[in-house]
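Participant: Right, I'll just put the structure down here and ask away after.
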Amino acid sequence: MDTLKEGSRGGEVMLLQRRLAAKGFSPGEPDGIFGPGTEAAVLAFQRSEGLGVDGIVGRETAAVLEFTENELPIAEGMPEVTVPIAAKMAPGAPLGNIKSNLPIILDALRSTELTTKPIVLTALATVRVETGRFAPISEFLSRFNTSPGGQPFDLYDFAKDLGNNAKGAGARYKGRGFVQLTGKFNYQQFGQEVGVDLIGDPEKANDPQIASRLLAAFLKAKRARIEQALRVGDFADARKAVNGGSHEVDQFTDSYKTGLQLLS
């Protein structure tokens with residue numbers, strides 16, 4: 001069957017609704033329409049089972065709902081993003097970095113079932129604006145993270161939204177990787193998701209393999225919002241879902257549209 005998400009209709013949605021109800025997550029009266037009630041039930045089920053919480057029923061969620069192999073969704077094929085396409089999406093990035101890291105990033109997305117064109121393009125556009133070099137990097141010093149004459153990243157030291165609560169925490173858990181993972185909370189949460197102790201060794205977030213898995217895990221957690229924003233052409237909100245703000249939204253939009261045009 002196809003991946004099921006808000007807007008899907010038919011017998012497969014009816015089956016999904018009955019499976020959710022049987023697991024104790026009622027979507028309301030089964031009607032074969034994937035509406036807000038069904039999405040809420042899917043989100044609650046995914047949280048309960050420790051799955052990626054995106055409100056979308058792909059193979060992983062369907063398998064835990066005990067769909068048979070013949071009933072499982074067919075994963076959407078990964079768009080054929082080549083090195084020349086990625087190079088045009090990330091102008092100025094060293095070609096060697098793209099050749100080395102593009103396959104790793106695509107493999108991480110594929111293994112996390114993030115194979116839709118919008119999410120793949122979001123991933124690559126994010127790498128472009130967050131690193132500039134298509135390689136994992138550490139956050140640079142700026143007036144937004146370091147006080148005048150202060151220790152590096154001291155403005156992050158006690159940032160509650162980042163989960164930091166001590167001197168030196170800002171520098172220890174500064175932005176790193178392809179997605180610029182920032183803050184103790186994110187290092188702990190996404191480190192656990194990819195099976196790496198980032199609290200003990202934050203520098204691992206800059207390893208290309210680990211950085212790729214962190215990028216995929218982060219995008220999966222934000223997938224529903226990203227896809228909804230892109231459906232209506234709201235690139236600013238898609239960018240905000242990843243970055244938390246509007247930093248380089250023009251570059252993000254340009255990169256995404258360039259990739260979309262080339263893939264079409």
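Convention: chains lettered A, B, ... in structure tokens order; per-chain residue numbering from 1; ligands numbered from 1 as shown.
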Give the helix (DSSP H, G or I) residues of range 68-98 of chain A, as assigned by DSSP on the backbone, as JSON, numbers by chain.

Facilitator: {"A": [83, 84, 85, 86, 87, 88, 89, 95, 96, 97, 98]}

Participant: Atoms to include: C-alpha atoms. Write the selected residues as a PDB file, in the first residue's frame.

Facilitator:
ATOM      1  CA  VAL A  83      26.963  15.130  -7.599  1.00  0.00           C
ATOM      2  CA  PRO A  84      26.406  17.759 -10.346  1.00  0.00           C
ATOM      3  CA  ILE A  85      22.886  18.442  -9.025  1.00  0.00           C
ATOM      4  CA  ALA A  86      24.128  18.765  -5.445  1.00  0.00           C
ATOM      5  CA  ALA A  87      26.948  21.028  -6.644  1.00  0.00           C
ATOM      6  CA  LYS A  88      24.428  23.409  -8.217  1.00  0.00           C
ATOM      7  CA  MET A  89      22.346  23.325  -5.046  1.00  0.00           C
ATOM      8  CA  LEU A  95      33.473  19.328  -5.117  1.00  0.00           C
ATOM      9  CA  GLY A  96      35.505  16.817  -3.112  1.00  0.00           C
ATOM     10  CA  ASN A  97      33.268  17.360  -0.093  1.00  0.00           C
ATOM     11  CA  ILE A  98      30.156  16.763  -2.186  1.00  0.00           C
TER      12      ILE A  98
END

Participant: Could you give me, as JSON lines, every range 143-179 of chain A residue with an atom at most 12 Å from range 99-109 of chain A, plus its closest atom pair and distance in Å to one decimal, counting only C-alpha atoms, rows ordered by chain then number?

Facilitator:
{"residue": "A:Gly177", "atom": "CA", "partner": "A:Ile105", "partner_atom": "CA", "distance": 11.7}
{"residue": "A:Phe178", "atom": "CA", "partner": "A:Ile105", "partner_atom": "CA", "distance": 9.3}
{"residue": "A:Val179", "atom": "CA", "partner": "A:Ile105", "partner_atom": "CA", "distance": 11.4}

Participant: Restricting the calculation to only C-alpha atoms, which member of A:Ile119, A:Ala41, A:Phe34, A:Ala22 is positioned closest to Arg231 in chain A?

Facilitator: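 Smallest distance to Arg231 in chain A is found for A:Ile119.
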
Participant: Restricting the calculation to only C-alpha atoms, which member of A:Gly149, A:Asn165, A:Ala224, A:Ala135 is positioned closest to Val42 in chain A?

Facilitator: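 Going through A:Gly149, A:Asn165, A:Ala224, A:Ala135 one by one, the smallest distance to Val42 in chain A is for A:Ala224.
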
Participant: Using only C-alpha atoms, which residue out of A:Arg47, A:Gln180, A:Val53, A:Phe67 lies closest to Val127 in chain A?

Facilitator: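 Closest candidate: A:Gln180.
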
Participant: Please indicate the distance in Å from CA of Leu214 in chain A to CA of Leu124 in chain A, rounded to one decimal place.

Facilitator: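 Distance between the two atoms: 13.5 Å.
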
Participant: Near Pro36 in chain A, within 8 Å and counting only C-alpha atoms, which residues show up once chain neighbours fewer than 3 positions away are dropped, as a ChimeraX atom specification?

Facilitator: /A:6,39-40

Participant: Please build the interface table for range 1-68 of chain A against range 216-223 of chain A with a cut-off of 10 Å, listing for each qualifying residue the nearest atom pair and the distance in Å to one decimal; count only C-alpha atoms, order rows by chain and increasing number, and write it as JSON lines.

Facilitator:
{"residue": "A:Leu51", "atom": "CA", "partner": "A:Ala221", "partner_atom": "CA", "distance": 9.5}
{"residue": "A:Gly52", "atom": "CA", "partner": "A:Ala221", "partner_atom": "CA", "distance": 5.9}
{"residue": "A:Val53", "atom": "CA", "partner": "A:Ala221", "partner_atom": "CA", "distance": 5.8}
{"residue": "A:Asp54", "atom": "CA", "partner": "A:Arg223", "partner_atom": "CA", "distance": 5.8}
{"residue": "A:Gly55", "atom": "CA", "partner": "A:Arg223", "partner_atom": "CA", "distance": 8.8}
{"residue": "A:Ile56", "atom": "CA", "partner": "A:Arg223", "partner_atom": "CA", "distance": 8.8}

Participant: If we count only C-alpha atoms and set the cut-off at 9 Å, which residues sit around Arg225 in chain A, ignoring sequence neighbours fewer than 5 positions away in its own chain? Please answer as a VMD selection string.

Facilitator: chain A and resid 54 230 237 to 238 241

Participant: Export, as a PDB file, in the first residue's frame, the selected residues with C-alpha atoms.

Facilitator:
ATOM      1  CA  ASP A  54       5.673  12.596  12.271  1.00  0.00           C
ATOM      2  CA  LEU A 230       6.380  23.037   1.546  1.00  0.00           C
ATOM      3  CA  ASP A 237       8.316  27.991   7.976  1.00  0.00           C
ATOM      4  CA  ALA A 238      10.071  24.951   6.502  1.00  0.00           C
ATOM      5  CA  ALA A 241      11.173  23.981  11.518  1.00  0.00           C
TER       6      ALA A 241
END

Participant: Kindly assemble as CSV a list of the range 66-169 of chain A residues that lie within 10 Å of range 243-250 of chain A, each paired with its nearest atom pair and their distance in Å to one decimal, using only C-alpha atoms, sorted first by chain and then by ascending residue number.

Facilitator:
residue,atom,partner,partner_atom,distance
A:Ala125,CA,A:Val249,CA,9.9
A:Thr126,CA,A:Asn243,CA,8.8
A:Arg128,CA,A:Glu248,CA,9.9
A:Val129,CA,A:Glu248,CA,6.5
A:Glu130,CA,A:Glu248,CA,8.6

Participant: Residues of range 126-166 of chain A that approach range 185-194 of chain A to 9 Å or less, counting only C-alpha atoms: could you list each one with the shortest pair of atoms and its distance in Å to one decimal, rows by chain and increasing residue number, as CSV?

Facilitator:
residue,atom,partner,partner_atom,distance
A:Asp161,CA,A:Phe185,CA,8.3
A:Leu162,CA,A:Phe185,CA,5.7
A:Gly163,CA,A:Phe185,CA,4.7
A:Asn164,CA,A:Phe185,CA,7.4

Participant: In Å, how far is it from CA of Ile226 in chain A to CA of Ala21 in chain A?

Facilitator: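 That distance, rounded to one decimal, is 27.6 Å.
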
Participant: Select, from A:Leu215, A:Val13, A:Ile33, A:Leu121, the residue with the minimum atom-to-atom distance to Ser255 in chain A, counting only C-alpha atoms.

Facilitator: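 For Ser255 in chain A, the nearest of the candidates is A:Leu121.
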